$ cat data34.cif   # mmCIF, C-alpha atoms
data_run
#
loop_
_atom_site.group_PDB
_atom_site.id
_atom_site.type_symbol
_atom_site.label_atom_id
_atom_site.label_comp_id
_atom_site.auth_asym_id
_atom_site.auth_seq_id
_atom_site.Cartn_x
_atom_site.Cartn_y
_atom_site.Cartn_z
ATOM 1 C CA MET T 1 -25.791 -7.487 23.347
ATOM 2 C CA ASN T 2 -22.570 -5.635 24.217
ATOM 3 C CA THR T 3 -19.387 -7.612 23.628
ATOM 4 C CA ILE T 4 -17.138 -4.895 25.073
ATOM 5 C CA GLU T 5 -18.052 -2.527 27.911
ATOM 6 C CA VAL T 6 -15.736 0.308 28.958
ATOM 7 C CA LYS T 7 -16.674 2.446 31.957
ATOM 8 C CA ASN T 8 -14.643 5.452 33.171
ATOM 9 C CA LEU T 9 -11.346 4.053 31.910
ATOM 10 C CA LYS T 10 -8.227 5.926 33.038
ATOM 11 C CA ARG T 11 -4.586 5.180 32.358
ATOM 12 C CA ILE T 12 -1.555 7.161 33.581
ATOM 13 C CA TYR T 13 2.072 6.780 32.518
ATOM 14 C CA ARG T 14 4.894 7.731 34.884
ATOM 15 C CA THR T 15 7.912 9.272 33.192
ATOM 16 C CA THR T 16 11.060 11.062 34.377
ATOM 17 C CA THR T 17 12.608 14.401 33.409
ATOM 18 C CA GLY T 18 16.056 15.878 33.925
ATOM 19 C CA VAL T 19 19.521 14.306 33.979
ATOM 20 C CA ILE T 20 21.059 15.195 37.335
ATOM 21 C CA ARG T 21 17.946 16.107 39.301
ATOM 22 C CA ARG T 22 15.536 13.564 37.958
ATOM 23 C CA LYS T 23 11.877 14.220 38.620
ATOM 24 C CA HIS T 24 8.932 11.923 38.224
ATOM 25 C CA LYS T 25 6.028 13.162 36.152
ATOM 26 C CA ASP T 26 2.621 11.582 35.614
ATOM 27 C CA VAL T 27 1.230 11.776 32.093
ATOM 28 C CA VAL T 28 -2.481 11.062 31.671
ATOM 29 C CA ALA T 29 -2.881 9.057 28.460
ATOM 30 C CA VAL T 30 -6.577 8.246 28.959
ATOM 31 C CA GLU T 31 -8.521 10.611 31.208
ATOM 32 C CA ASP T 32 -12.020 9.152 31.487
ATOM 33 C CA ILE T 33 -13.666 7.287 28.624
ATOM 34 C CA SER T 34 -16.751 5.086 28.418
ATOM 35 C CA PHE T 35 -18.249 3.231 25.467
ATOM 36 C CA ASP T 36 -19.833 -0.069 24.486
ATOM 37 C CA ILE T 37 -19.276 -2.214 21.396
ATOM 38 C CA LYS T 38 -22.075 -4.478 20.216
ATOM 39 C CA GLU T 39 -21.582 -8.047 19.074
ATOM 40 C CA GLY T 40 -20.531 -8.161 15.413
ATOM 41 C CA GLU T 41 -19.982 -4.388 15.253
ATOM 42 C CA LEU T 42 -17.034 -2.662 13.604
ATOM 43 C CA PHE T 43 -16.252 0.215 15.950
ATOM 44 C CA GLY T 44 -13.797 2.959 15.010
ATOM 45 C CA LEU T 45 -11.611 4.911 17.432
ATOM 46 C CA LEU T 46 -10.264 8.121 15.899
ATOM 47 C CA GLY T 47 -8.042 10.840 17.295
ATOM 48 C CA PRO T 48 -4.802 12.780 16.797
ATOM 49 C CA ASN T 49 -1.408 11.407 17.816
ATOM 50 C CA GLY T 50 -1.157 11.153 21.587
ATOM 51 C CA ALA T 51 -4.935 11.242 22.092
ATOM 52 C CA GLY T 52 -4.990 7.848 23.838
ATOM 53 C CA LYS T 53 -6.120 5.482 21.065
ATOM 54 C CA THR T 54 -3.312 2.924 21.263
ATOM 55 C CA THR T 55 -3.281 3.043 25.065
ATOM 56 C CA SER T 56 -7.013 2.254 25.095
ATOM 57 C CA VAL T 57 -6.522 -0.679 22.724
ATOM 58 C CA LYS T 58 -3.641 -2.062 24.797
ATOM 59 C CA VAL T 59 -5.785 -1.940 27.930
ATOM 60 C CA LEU T 60 -8.635 -3.767 26.171
ATOM 61 C CA ALA T 61 -6.146 -6.347 24.871
ATOM 62 C CA THR T 62 -4.885 -6.979 28.450
ATOM 63 C CA LEU T 63 -1.430 -5.592 27.597
ATOM 64 C CA LEU T 64 -1.810 -2.719 30.081
ATOM 65 C CA ILE T 65 -3.605 -2.561 33.433
ATOM 66 C CA PRO T 66 -6.008 0.381 33.866
ATOM 67 C CA ASP T 67 -5.422 2.821 36.725
ATOM 68 C CA ALA T 68 -9.170 3.327 37.181
ATOM 69 C CA GLY T 69 -12.459 2.260 35.656
ATOM 70 C CA GLU T 70 -13.828 -1.066 34.529
ATOM 71 C CA VAL T 71 -13.467 -2.950 31.240
ATOM 72 C CA ARG T 72 -15.352 -6.126 30.404
ATOM 73 C CA VAL T 73 -14.930 -8.320 27.340
ATOM 74 C CA LYS T 74 -17.773 -10.803 26.834
ATOM 75 C CA GLY T 75 -18.655 -10.260 30.477
ATOM 76 C CA LEU T 76 -15.112 -10.996 31.678
ATOM 77 C CA ASP T 77 -13.072 -8.503 33.682
ATOM 78 C CA ILE T 78 -9.836 -7.775 31.776
ATOM 79 C CA VAL T 79 -7.782 -7.715 34.996
ATOM 80 C CA LYS T 80 -9.271 -10.533 37.056
ATOM 81 C CA ASP T 81 -10.009 -12.788 34.068
ATOM 82 C CA ALA T 82 -7.107 -11.781 31.796
ATOM 83 C CA ASN T 83 -6.216 -15.343 30.735
ATOM 84 C CA GLU T 84 -9.800 -16.109 29.723
ATOM 85 C CA VAL T 85 -10.099 -12.786 27.885
ATOM 86 C CA ARG T 86 -6.976 -13.561 25.827
ATOM 87 C CA LYS T 87 -8.620 -16.706 24.493
ATOM 88 C CA GLN T 88 -11.409 -14.553 23.038
ATOM 89 C CA ILE T 89 -9.338 -11.814 21.384
ATOM 90 C CA GLY T 90 -6.758 -11.181 18.703
ATOM 91 C CA PHE T 91 -4.871 -7.953 17.998
ATOM 92 C CA ILE T 92 -2.832 -6.398 15.209
ATOM 93 C CA PHE T 93 -0.630 -3.337 15.618
ATOM 94 C CA GLY T 94 0.519 -1.414 12.558
ATOM 95 C CA GLY T 95 4.009 -2.310 11.341
ATOM 96 C CA GLU T 96 5.998 -5.362 10.280
ATOM 97 C CA ARG T 97 7.145 -6.752 13.637
ATOM 98 C CA GLY T 98 5.896 -10.037 15.010
ATOM 99 C CA LEU T 99 6.843 -12.358 12.143
ATOM 100 C CA TYR T 100 9.910 -14.528 11.468
ATOM 101 C CA TRP T 101 11.177 -13.356 8.113
ATOM 102 C CA ARG T 102 13.423 -16.357 7.358
ATOM 103 C CA LEU T 103 10.494 -18.738 7.718
ATOM 104 C CA SER T 104 7.785 -19.251 5.158
ATOM 105 C CA GLY T 105 4.291 -17.906 5.719
ATOM 106 C CA ILE T 106 3.021 -21.407 6.478
ATOM 107 C CA ASP T 107 5.862 -22.138 8.918
ATOM 108 C CA ASN T 108 5.112 -18.863 10.726
ATOM 109 C CA LEU T 109 1.479 -19.872 11.103
ATOM 110 C CA ARG T 110 2.415 -23.377 12.286
ATOM 111 C CA TYR T 111 4.704 -21.896 14.934
ATOM 112 C CA PHE T 112 2.104 -19.421 16.229
ATOM 113 C CA ALA T 113 -0.599 -22.106 16.155
ATOM 114 C CA SER T 114 1.524 -24.127 18.576
ATOM 115 C CA LEU T 115 1.826 -21.077 20.863
ATOM 116 C CA TYR T 116 -1.962 -20.704 20.788
ATOM 117 C CA HIS T 117 -2.248 -24.428 21.664
ATOM 118 C CA VAL T 118 -4.246 -25.074 18.505
ATOM 119 C CA ASP T 119 -4.593 -28.800 17.819
ATOM 120 C CA PRO T 120 -2.094 -29.771 15.031
ATOM 121 C CA ASP T 121 -4.788 -31.535 13.007
ATOM 122 C CA LEU T 122 -7.011 -28.451 13.230
ATOM 123 C CA SER T 123 -4.207 -26.035 12.319
ATOM 124 C CA LYS T 124 -3.279 -28.183 9.300
ATOM 125 C CA LYS T 125 -6.803 -27.650 7.993
ATOM 126 C CA ARG T 126 -7.175 -24.060 9.141
ATOM 127 C CA ILE T 127 -3.937 -22.571 7.786
ATOM 128 C CA PRO T 128 -4.850 -22.982 4.071
ATOM 129 C CA GLU T 129 -8.302 -21.539 4.800
ATOM 130 C CA LEU T 130 -6.782 -18.486 6.482
ATOM 131 C CA LEU T 131 -4.279 -17.909 3.676
ATOM 132 C CA GLU T 132 -7.187 -17.907 1.235
ATOM 133 C CA LEU T 133 -9.200 -15.546 3.459
ATOM 134 C CA VAL T 134 -6.419 -12.941 3.582
ATOM 135 C CA GLY T 135 -5.476 -13.242 -0.089
ATOM 136 C CA LEU T 136 -2.210 -15.195 0.296
ATOM 137 C CA GLU T 137 -3.353 -18.406 -1.357
ATOM 138 C CA GLY T 138 -0.406 -19.931 -3.241
ATOM 139 C CA ARG T 139 2.160 -17.716 -1.457
ATOM 140 C CA GLY T 140 2.395 -19.581 1.850
ATOM 141 C CA ASP T 141 5.540 -21.543 0.922
ATOM 142 C CA GLU T 142 7.534 -18.362 0.252
ATOM 143 C CA ARG T 143 9.809 -16.801 2.870
ATOM 144 C CA VAL T 144 8.282 -13.809 4.616
ATOM 145 C CA GLN T 145 11.361 -11.690 3.854
ATOM 146 C CA GLY T 146 10.211 -11.671 0.220
ATOM 147 C CA TYR T 147 6.695 -10.453 1.072
ATOM 148 C CA SER T 148 5.579 -6.905 0.418
ATOM 149 C CA ARG T 149 4.517 -4.845 3.431
ATOM 150 C CA GLY T 150 0.871 -5.414 2.535
ATOM 151 C CA MET T 151 1.398 -9.181 2.375
ATOM 152 C CA LYS T 152 3.067 -9.119 5.795
ATOM 153 C CA GLN T 153 0.073 -7.260 7.222
ATOM 154 C CA ARG T 154 -2.272 -9.861 5.739
ATOM 155 C CA LEU T 155 -0.159 -12.628 7.272
ATOM 156 C CA HIS T 156 -0.540 -10.813 10.606
ATOM 157 C CA VAL T 157 -4.302 -11.155 10.182
ATOM 158 C CA ALA T 158 -4.005 -14.877 9.457
ATOM 159 C CA ARG T 159 -1.813 -15.288 12.547
ATOM 160 C CA THR T 160 -4.356 -13.406 14.665
ATOM 161 C CA LEU T 161 -7.195 -15.670 13.461
ATOM 162 C CA LEU T 162 -5.455 -18.988 14.165
ATOM 163 C CA HIS T 163 -7.373 -19.573 17.412
ATOM 164 C CA ASP T 164 -10.581 -18.200 15.836
ATOM 165 C CA PRO T 165 -11.150 -15.263 18.231
ATOM 166 C CA ASP T 166 -14.537 -13.550 18.309
ATOM 167 C CA ILE T 167 -13.004 -10.099 18.928
ATOM 168 C CA LEU T 168 -10.264 -8.316 16.972
ATOM 169 C CA PHE T 169 -8.328 -5.174 17.852
ATOM 170 C CA LEU T 170 -6.779 -3.519 14.778
ATOM 171 C CA ASP T 171 -4.524 -0.591 15.709
ATOM 172 C CA GLU T 172 -3.766 1.445 12.570
ATOM 173 C CA PRO T 173 -3.372 -1.719 10.471
ATOM 174 C CA THR T 174 -2.998 0.104 7.120
ATOM 175 C CA ILE T 175 -0.333 2.576 8.251
ATOM 176 C CA GLY T 176 2.603 2.639 5.840
ATOM 177 C CA LEU T 177 0.841 0.599 3.162
ATOM 178 C CA ASP T 178 0.746 1.805 -0.428
ATOM 179 C CA PRO T 179 -2.740 2.648 -1.815
ATOM 180 C CA VAL T 180 -3.164 -0.753 -3.467
ATOM 181 C CA GLY T 181 -2.042 -2.659 -0.367
ATOM 182 C CA ALA T 182 -4.292 -0.544 1.867
ATOM 183 C CA ARG T 183 -7.284 -1.157 -0.409
ATOM 184 C CA GLU T 184 -6.645 -4.907 -0.387
ATOM 185 C CA PHE T 185 -6.311 -4.868 3.408
ATOM 186 C CA ARG T 186 -9.615 -3.028 3.785
ATOM 187 C CA GLU T 187 -11.201 -5.813 1.744
ATOM 188 C CA VAL T 188 -9.781 -8.310 4.262
ATOM 189 C CA ILE T 189 -11.444 -6.308 7.054
ATOM 190 C CA ARG T 190 -14.761 -6.460 5.185
ATOM 191 C CA ASN T 191 -14.371 -10.234 4.928
ATOM 192 C CA LEU T 192 -13.891 -10.385 8.685
ATOM 193 C CA GLN T 193 -17.042 -8.306 9.122
ATOM 194 C CA SER T 194 -18.970 -10.837 7.069
ATOM 195 C CA GLU T 195 -17.834 -13.522 9.523
ATOM 196 C CA LYS T 196 -19.562 -11.578 12.333
ATOM 197 C CA LYS T 197 -16.345 -10.731 14.146
ATOM 198 C CA THR T 198 -16.488 -7.853 16.630
ATOM 199 C CA ILE T 199 -13.793 -5.391 15.539
ATOM 200 C CA LEU T 200 -12.246 -2.320 17.161
ATOM 201 C CA LEU T 201 -10.323 -0.303 14.561
ATOM 202 C CA THR T 202 -8.085 2.716 15.145
ATOM 203 C CA THR T 203 -7.054 4.727 12.106
ATOM 204 C CA HIS T 204 -5.922 8.173 10.966
ATOM 205 C CA TYR T 205 -7.661 7.740 7.610
ATOM 206 C CA MET T 206 -11.133 9.277 7.816
ATOM 207 C CA PHE T 207 -12.344 7.778 4.530
ATOM 208 C CA GLU T 208 -11.379 4.367 5.910
ATOM 209 C CA ALA T 209 -13.491 4.874 9.018
ATOM 210 C CA ASP T 210 -16.327 6.293 6.927
ATOM 211 C CA SER T 211 -16.459 3.288 4.615
ATOM 212 C CA LEU T 212 -15.867 0.529 7.201
ATOM 213 C CA CYS T 213 -17.193 1.508 10.622
ATOM 214 C CA ASP T 214 -20.706 1.083 11.988
ATOM 215 C CA ARG T 215 -19.981 3.659 14.710
ATOM 216 C CA VAL T 216 -17.070 5.956 15.476
ATOM 217 C CA ALA T 217 -15.740 7.494 18.696
ATOM 218 C CA VAL T 218 -13.489 10.543 18.434
ATOM 219 C CA ILE T 219 -10.978 10.757 21.283
ATOM 220 C CA ASP T 220 -8.940 13.866 22.067
ATOM 221 C CA LYS T 221 -6.617 14.449 25.049
ATOM 222 C CA GLY T 222 -7.804 11.242 26.683
ATOM 223 C CA LEU T 223 -11.517 12.061 26.443
ATOM 224 C CA ILE T 224 -14.236 11.028 23.994
ATOM 225 C CA VAL T 225 -15.555 14.184 22.324
ATOM 226 C CA ALA T 226 -18.072 12.480 20.012
ATOM 227 C CA LEU T 227 -19.563 9.038 19.488
ATOM 228 C CA ASP T 228 -22.033 8.196 16.712
ATOM 229 C CA THR T 229 -22.367 6.735 13.228
ATOM 230 C CA PRO T 230 -20.201 8.311 10.499
ATOM 231 C CA SER T 231 -23.272 9.802 8.810
ATOM 232 C CA ALA T 232 -24.466 11.341 12.090
ATOM 233 C CA LEU T 233 -21.018 12.822 12.812
ATOM 234 C CA LYS T 234 -21.071 14.543 9.422
ATOM 235 C CA LYS T 235 -24.090 16.514 10.627
ATOM 236 C CA HIS T 236 -21.702 18.394 12.932
ATOM 237 C CA VAL T 237 -20.453 20.215 9.828
ATOM 238 C CA ARG T 238 -23.574 20.357 7.660
ATOM 239 C CA ASP T 239 -23.683 24.148 8.229
ATOM 240 C CA LEU T 240 -20.218 24.510 6.690
ATOM 241 C CA SER T 241 -18.549 24.382 3.317
ATOM 242 C CA VAL T 242 -14.893 23.563 2.774
ATOM 243 C CA VAL T 243 -12.652 25.785 0.656
ATOM 244 C CA GLU T 244 -9.560 23.950 -0.598
ATOM 245 C CA ILE T 245 -6.692 26.244 -1.589
ATOM 246 C CA GLU T 246 -3.546 24.874 -3.212
ATOM 247 C CA THR T 247 -0.468 26.840 -2.112
ATOM 248 C CA PHE T 248 3.274 26.719 -2.749
ATOM 249 C CA GLY T 249 5.648 27.418 0.136
ATOM 250 C CA ILE T 250 3.207 29.035 2.562
ATOM 251 C CA ALA T 251 4.739 30.057 5.905
ATOM 252 C CA PRO T 252 3.346 28.618 9.186
ATOM 253 C CA GLN T 253 2.605 32.115 10.531
ATOM 254 C CA LYS T 254 0.480 32.856 7.471
ATOM 255 C CA VAL T 255 -1.532 29.688 8.157
ATOM 256 C CA ASP T 256 -2.094 30.897 11.733
ATOM 257 C CA GLU T 257 -3.220 34.310 10.434
ATOM 258 C CA ILE T 258 -5.832 32.696 8.194
ATOM 259 C CA ARG T 259 -6.987 30.409 11.009
ATOM 260 C CA ALA T 260 -7.644 33.525 13.120
ATOM 261 C CA LEU T 261 -9.924 35.187 10.544
ATOM 262 C CA PRO T 262 -13.420 35.685 12.047
ATOM 263 C CA PHE T 263 -15.261 33.757 9.300
ATOM 264 C CA VAL T 264 -12.949 30.689 9.503
ATOM 265 C CA ASP T 265 -14.486 27.980 11.675
ATOM 266 C CA ALA T 266 -11.524 25.579 11.399
ATOM 267 C CA LEU T 267 -8.435 25.126 9.261
ATOM 268 C CA SER T 268 -6.204 22.150 8.571
ATOM 269 C CA THR T 269 -3.440 21.483 6.064
ATOM 270 C CA ARG T 270 -2.528 18.571 3.832
ATOM 271 C CA GLU T 271 0.735 17.879 2.023
ATOM 272 C CA GLN T 272 0.236 16.954 -1.624
ATOM 273 C CA ASP T 273 3.323 16.321 -3.738
ATOM 274 C CA GLN T 274 5.384 19.501 -3.174
ATOM 275 C CA ARG T 275 2.322 21.611 -2.441
ATOM 276 C CA GLN T 276 0.394 22.405 0.698
ATOM 277 C CA VAL T 277 -3.385 22.414 0.545
ATOM 278 C CA LEU T 278 -5.324 24.578 3.007
ATOM 279 C CA LEU T 279 -8.693 23.133 4.060
ATOM 280 C CA VAL T 280 -10.773 26.031 5.337
ATOM 281 C CA GLN T 281 -14.138 25.330 6.977
ATOM 282 C CA THR T 282 -16.503 28.287 6.789
ATOM 283 C CA GLU T 283 -20.221 29.041 6.812
ATOM 284 C CA ARG T 284 -19.731 31.540 3.981
ATOM 285 C CA GLY T 285 -18.785 28.934 1.370
ATOM 286 C CA ALA T 286 -17.765 30.436 -1.986
ATOM 287 C CA GLU T 287 -18.345 33.956 -0.639
ATOM 288 C CA ALA T 288 -15.264 33.515 1.555
ATOM 289 C CA VAL T 289 -12.922 32.966 -1.405
ATOM 290 C CA PRO T 290 -12.186 36.676 -2.190
ATOM 291 C CA ASP T 291 -11.289 37.399 1.454
ATOM 292 C CA LEU T 292 -9.104 34.296 1.623
ATOM 293 C CA MET T 293 -7.307 35.388 -1.570
ATOM 294 C CA SER T 294 -6.722 38.809 -0.009
ATOM 295 C CA ALA T 295 -5.220 37.146 3.060
ATOM 296 C CA LEU T 296 -2.912 35.166 0.751
ATOM 297 C CA ASP T 297 -1.838 38.243 -1.225
ATOM 298 C CA GLY T 298 1.738 37.796 -2.392
ATOM 299 C CA MET T 299 1.652 33.999 -2.004
ATOM 300 C CA ARG T 300 1.709 31.545 -4.919
ATOM 301 C CA VAL T 301 -1.760 30.017 -5.153
ATOM 302 C CA GLY T 302 -2.947 27.218 -7.454
ATOM 303 C CA ARG T 303 -6.327 25.499 -7.649
ATOM 304 C CA VAL T 304 -9.187 26.735 -5.460
ATOM 305 C CA THR T 305 -12.320 24.614 -4.971
ATOM 306 C CA VAL T 306 -15.398 24.686 -2.732
ATOM 307 C CA ARG T 307 -16.981 21.375 -1.651
ATOM 308 C CA GLU T 308 -19.333 19.755 0.824
ATOM 309 C CA PRO T 309 -17.817 18.563 4.150
ATOM 310 C CA THR T 310 -16.744 14.956 4.824
ATOM 311 C CA LEU T 311 -16.150 12.858 7.952
ATOM 312 C CA GLU T 312 -12.592 14.190 8.016
ATOM 313 C CA ASP T 313 -13.946 17.742 8.197
ATOM 314 C CA ALA T 314 -16.227 16.754 11.081
ATOM 315 C CA TYR T 315 -13.192 15.233 12.820
ATOM 316 C CA VAL T 316 -11.149 18.411 12.365
ATOM 317 C CA ARG T 317 -13.927 20.497 13.900
ATOM 318 C CA LEU T 318 -14.302 18.124 16.846
ATOM 319 C CA VAL T 319 -10.590 18.114 17.753
ATOM 320 C CA GLY T 320 -10.215 21.865 17.586
ATOM 321 C CA GLY T 321 -9.472 22.687 13.976
ATOM 322 C CA LYS T 322 -5.961 21.231 13.727
ATOM 323 C CA VAL T 323 -4.503 17.941 12.483
#
$ encode --input "data34.cif" --output "structure tokens"
Amino acid sequence: MNTIEVKNLKRIYRTTTGVIRRKHKDVVAVEDISFDIKEGELFGLLGPNGAGKTTSVKVLATLLIPDAGEVRVKGLDIVKDANEVRKQIGFIFGGERGLYWRLSGIDNLRYFASLYHVDPDLSKKRIPELLELVGLEGRGDERVQGYSRGMKQRLHVARTLLHDPDILFLDEPTIGLDPVGAREFREVIRNLQSEKKTILLTTHYMFEADSLCDRVAVIDKGLIVALDTPSALKKHVRDLSVVEIETFGIAPQKVDEIRALPFVDALSTREQDQRQVLLVQTERGAEAVPDLMSALDGMRVGRVTVREPTLEDAYVRLVGGKV
């Protein structure tokens, strides 16, 4: 059974340019996307900045009205039945906004429970259960201003679950968290999975999508370019190997020169400490290393490794070889 059904969704933003002669300009955030999410599924939505991920989530969460297409949540139309849809959903956007820092965690949850019209007797019982679920047991009496960023994100989850929604929208929930906080938050998401919640997750972290999601849709320039399980998406790059080259102070034009080499299928870069790592996808594998070293002649080069491709490599190929 499909809990969420999206058919030919389109969303356009109108913006203005110029100071004296102002002109209106339409920007297409979501061009034409369709997908379904099954009951109890954790569905990932991946894509570069500006691809349309957050816009799609805001439409599904009834925060934006679509310009075209149809979206149904548990059979309800998100425009005509918006109030009923809101009773079924909860959403979390990455960041620290949405909490009252001078109040304790418990007082925040009591306040939001009243906004959700949760019965006071029920919220009194439910708040301790939620604090335990998100790993804040024993910390609820502390002011939120003393919480770490990871703790604030976990309190966001508890707030979202106060009215016990069946569907959760998590828009880059681990952004800005340190590695420990992000790992703890992913464990919270797994706990929500075990409660059979239907979850839509957007993220820039490919390993996160690989380890958590049942299926993944890759969106680029407002269109879905791939939709499948993480393991199936990896098959898009099974003919490739990835050469990782550690460089020091490489110029952008040199990166473009390497990207244009005939045996390079795709190339992306990753900052690591004060180094830049080139991730070169190629069918030639280790045989490509000498030619890549020749192309980098005169540059400072560190470690060079050849490995099998990951979901991130499949993503890079699908969105055109750049991140």
$ atom_distance --input "data34.cif" --atom1 "CA of Lys234 in chain T" --atom2 "CA of Ala182 in chain T"
23.8 Å
$ atom_distance --input "data34.cif" --atom1 "CA of Gly222 in chain T" --atom2 "CA of Asp32 in chain T"
6.7 Å
$ resolve_selection --input "data34.cif" --expression "the PyMOL selection byres ((chain T and resi 150) around 10)" --output "mmCIF file with C-alpha atoms, keeping the file's coordinate frame"
data_model
loop_
_atom_site.group_PDB
_atom_site.id
_atom_site.type_symbol
_atom_site.label_atom_id
_atom_site.label_comp_id
_atom_site.auth_asym_id
_atom_site.auth_seq_id
_atom_site.Cartn_x
_atom_site.Cartn_y
_atom_site.Cartn_z
ATOM 1 C CA GLY T 95 4.009 -2.310 11.341
ATOM 2 C CA GLU T 96 5.998 -5.362 10.280
ATOM 3 C CA TYR T 147 6.695 -10.453 1.072
ATOM 4 C CA SER T 148 5.579 -6.905 0.418
ATOM 5 C CA ARG T 149 4.517 -4.845 3.431
ATOM 6 C CA MET T 151 1.398 -9.181 2.375
ATOM 7 C CA LYS T 152 3.067 -9.119 5.795
ATOM 8 C CA GLN T 153 0.073 -7.260 7.222
ATOM 9 C CA ARG T 154 -2.272 -9.861 5.739
ATOM 10 C CA LEU T 155 -0.159 -12.628 7.272
ATOM 11 C CA HIS T 156 -0.540 -10.813 10.606
ATOM 12 C CA PRO T 173 -3.372 -1.719 10.471
ATOM 13 C CA THR T 174 -2.998 0.104 7.120
ATOM 14 C CA ILE T 175 -0.333 2.576 8.251
ATOM 15 C CA GLY T 176 2.603 2.639 5.840
ATOM 16 C CA LEU T 177 0.841 0.599 3.162
ATOM 17 C CA ASP T 178 0.746 1.805 -0.428
ATOM 18 C CA PRO T 179 -2.740 2.648 -1.815
ATOM 19 C CA VAL T 180 -3.164 -0.753 -3.467
ATOM 20 C CA GLY T 181 -2.042 -2.659 -0.367
ATOM 21 C CA ALA T 182 -4.292 -0.544 1.867
ATOM 22 C CA ARG T 183 -7.284 -1.157 -0.409
ATOM 23 C CA GLU T 184 -6.645 -4.907 -0.387
ATOM 24 C CA PHE T 185 -6.311 -4.868 3.408
#
$ closest_atom_pairs --input "data34.cif" --of "range 145-210 of chain T" --to "range 298-319 of chain T" --cutoff "12 Å" --atoms "only C-alpha atoms" --output "CSV"
residue,atom,partner,partner_atom,distance
T:Thr203,CA,T:Glu312,CA,11.7
T:His204,CA,T:Glu312,CA,9.5
T:Tyr205,CA,T:Glu312,CA,8.1
T:Met206,CA,T:Glu312,CA,5.1
T:Phe207,CA,T:Leu311,CA,7.2
T:Glu208,CA,T:Leu311,CA,10.0
T:Ala209,CA,T:Leu311,CA,8.5
T:Asp210,CA,T:Leu311,CA,6.6
$ closest_residue --input "data34.cif" --among "T:Val216, T:Ile258, T:Leu109, T:Val79" --to "Asp67 in chain T" --atoms "all atoms listed in the file"
T:Val79
$ residues_around --input "data34.cif" --residues "Met1 in chain T" --least-positions-apart "2" --cutoff "7 Å" --atoms "only C-alpha atoms" --output "PDB file with C-alpha atoms, in the coordinates of the input"
ATOM      1  CA  THR T   3     -19.387  -7.612  23.628  1.00  0.00           C
ATOM      2  CA  LYS T  38     -22.075  -4.478  20.216  1.00  0.00           C
ATOM      3  CA  GLU T  39     -21.582  -8.047  19.074  1.00  0.00           C
TER       4      GLU T  39
END
$ residues_around --input "data34.cif" --residues "range 29-31 of chain T" --least-positions-apart "2" --cutoff "6 Å" --atoms "all atoms listed in the file" --output "PyMOL selection string"
chain T and resi 10-12+52+222-223
$ residues_around --input "data34.cif" --residues "Arg215 in chain T" --least-positions-apart "3" --cutoff "10 Å" --atoms "all atoms listed in the file" --output "PDB file with C-alpha atoms, in the coordinates of the input"
ATOM      1  CA  ILE T  37     -19.276  -2.214  21.396  1.00  0.00           C
ATOM      2  CA  GLU T  41     -19.982  -4.388  15.253  1.00  0.00           C
ATOM      3  CA  LEU T  42     -17.034  -2.662  13.604  1.00  0.00           C
ATOM      4  CA  PHE T  43     -16.252   0.215  15.950  1.00  0.00           C
ATOM      5  CA  GLY T  44     -13.797   2.959  15.010  1.00  0.00           C
ATOM      6  CA  LEU T  45     -11.611   4.911  17.432  1.00  0.00           C
ATOM      7  CA  ALA T 209     -13.491   4.874   9.018  1.00  0.00           C
ATOM      8  CA  ASP T 210     -16.327   6.293   6.927  1.00  0.00           C
ATOM      9  CA  LEU T 212     -15.867   0.529   7.201  1.00  0.00           C
ATOM     10  CA  LEU T 227     -19.563   9.038  19.488  1.00  0.00           C
ATOM     11  CA  ASP T 228     -22.033   8.196  16.712  1.00  0.00           C
ATOM     12  CA  THR T 229     -22.367   6.735  13.228  1.00  0.00           C
ATOM     13  CA  PRO T 230     -20.201   8.311  10.499  1.00  0.00           C
ATOM     14  CA  SER T 231     -23.272   9.802   8.810  1.00  0.00           C
ATOM     15  CA  ALA T 232     -24.466  11.341  12.090  1.00  0.00           C
ATOM     16  CA  LEU T 233     -21.018  12.822  12.812  1.00  0.00           C
TER      17      LEU T 233
END
$ resolve_selection --input "data34.cif" --expression "the PyMOL selection byres ((chain T and resi 276-293) around 6)" --output "list in words"
Leu240, Ser241, Val242, Val243, Glu244, Ile245, Glu246, Thr247, Val264, Asp265, Ala266, Leu267, Ser268, Thr269, Arg270, Glu271, Gln272, Arg275, Ser294, Ala295 and Leu296 of chain T
$ residues_around --input "data34.cif" --residues "range 127-141 of chain T" --least-positions-apart "4" --cutoff "6 Å" --atoms "all atoms listed in the file" --output "count of residues only"
7
$ closest_residue --input "data34.cif" --among "T:Glu187, T:Val225, T:Ser211, T:Glu5" --to "Glu70 in chain T" --atoms "only C-alpha atoms"
T:Glu5
$ resolve_selection --input "data34.cif" --expression "the PyMOL selection byres ((chain T and resi 116-121) around 12)" --output "PyMOL selection string"
chain T and resi 86-90+109-115+122-127+159-165
$ closest_residue --input "data34.cif" --among "T:Val73, T:Ile33, T:Leu9, T:Leu46" --to "Leu201 in chain T" --atoms "only C-alpha atoms"
T:Leu46
$ atom_distance --input "data34.cif" --atom1 "CA of Ala226 in chain T" --atom2 "CA of Cys213 in chain T"
14.5 Å
$ closest_residue --input "data34.cif" --among "T:Val144, T:Ile199, T:Ile4, T:Ala51" --to "Phe91 in chain T" --atoms "all atoms listed in the file"
T:Ile199
$ closest_residue --input "data34.cif" --among "T:Gln145, T:Gln274, T:Thr202, T:Asn8" --to "Val57 in chain T" --atoms "only C-alpha atoms"
T:Thr202
$ residues_around --input "data34.cif" --residues "Arg14 in chain T" --least-positions-apart "4" --cutoff "7 Å" --atoms "all atoms listed in the file" --output "list in words"
His24, Lys25, Asp26 and Val27 of chain T
$ axis_aligned_box --input "data34.cif" --around "range 263-271 of chain T" --padding-each-side "5 Å" --output "lines of an AutoDock Vina configuration file"
center_x = -7.3
center_y = 25.8
center_z = 6.8
size_x = 26.0
size_y = 25.9
size_z = 19.7
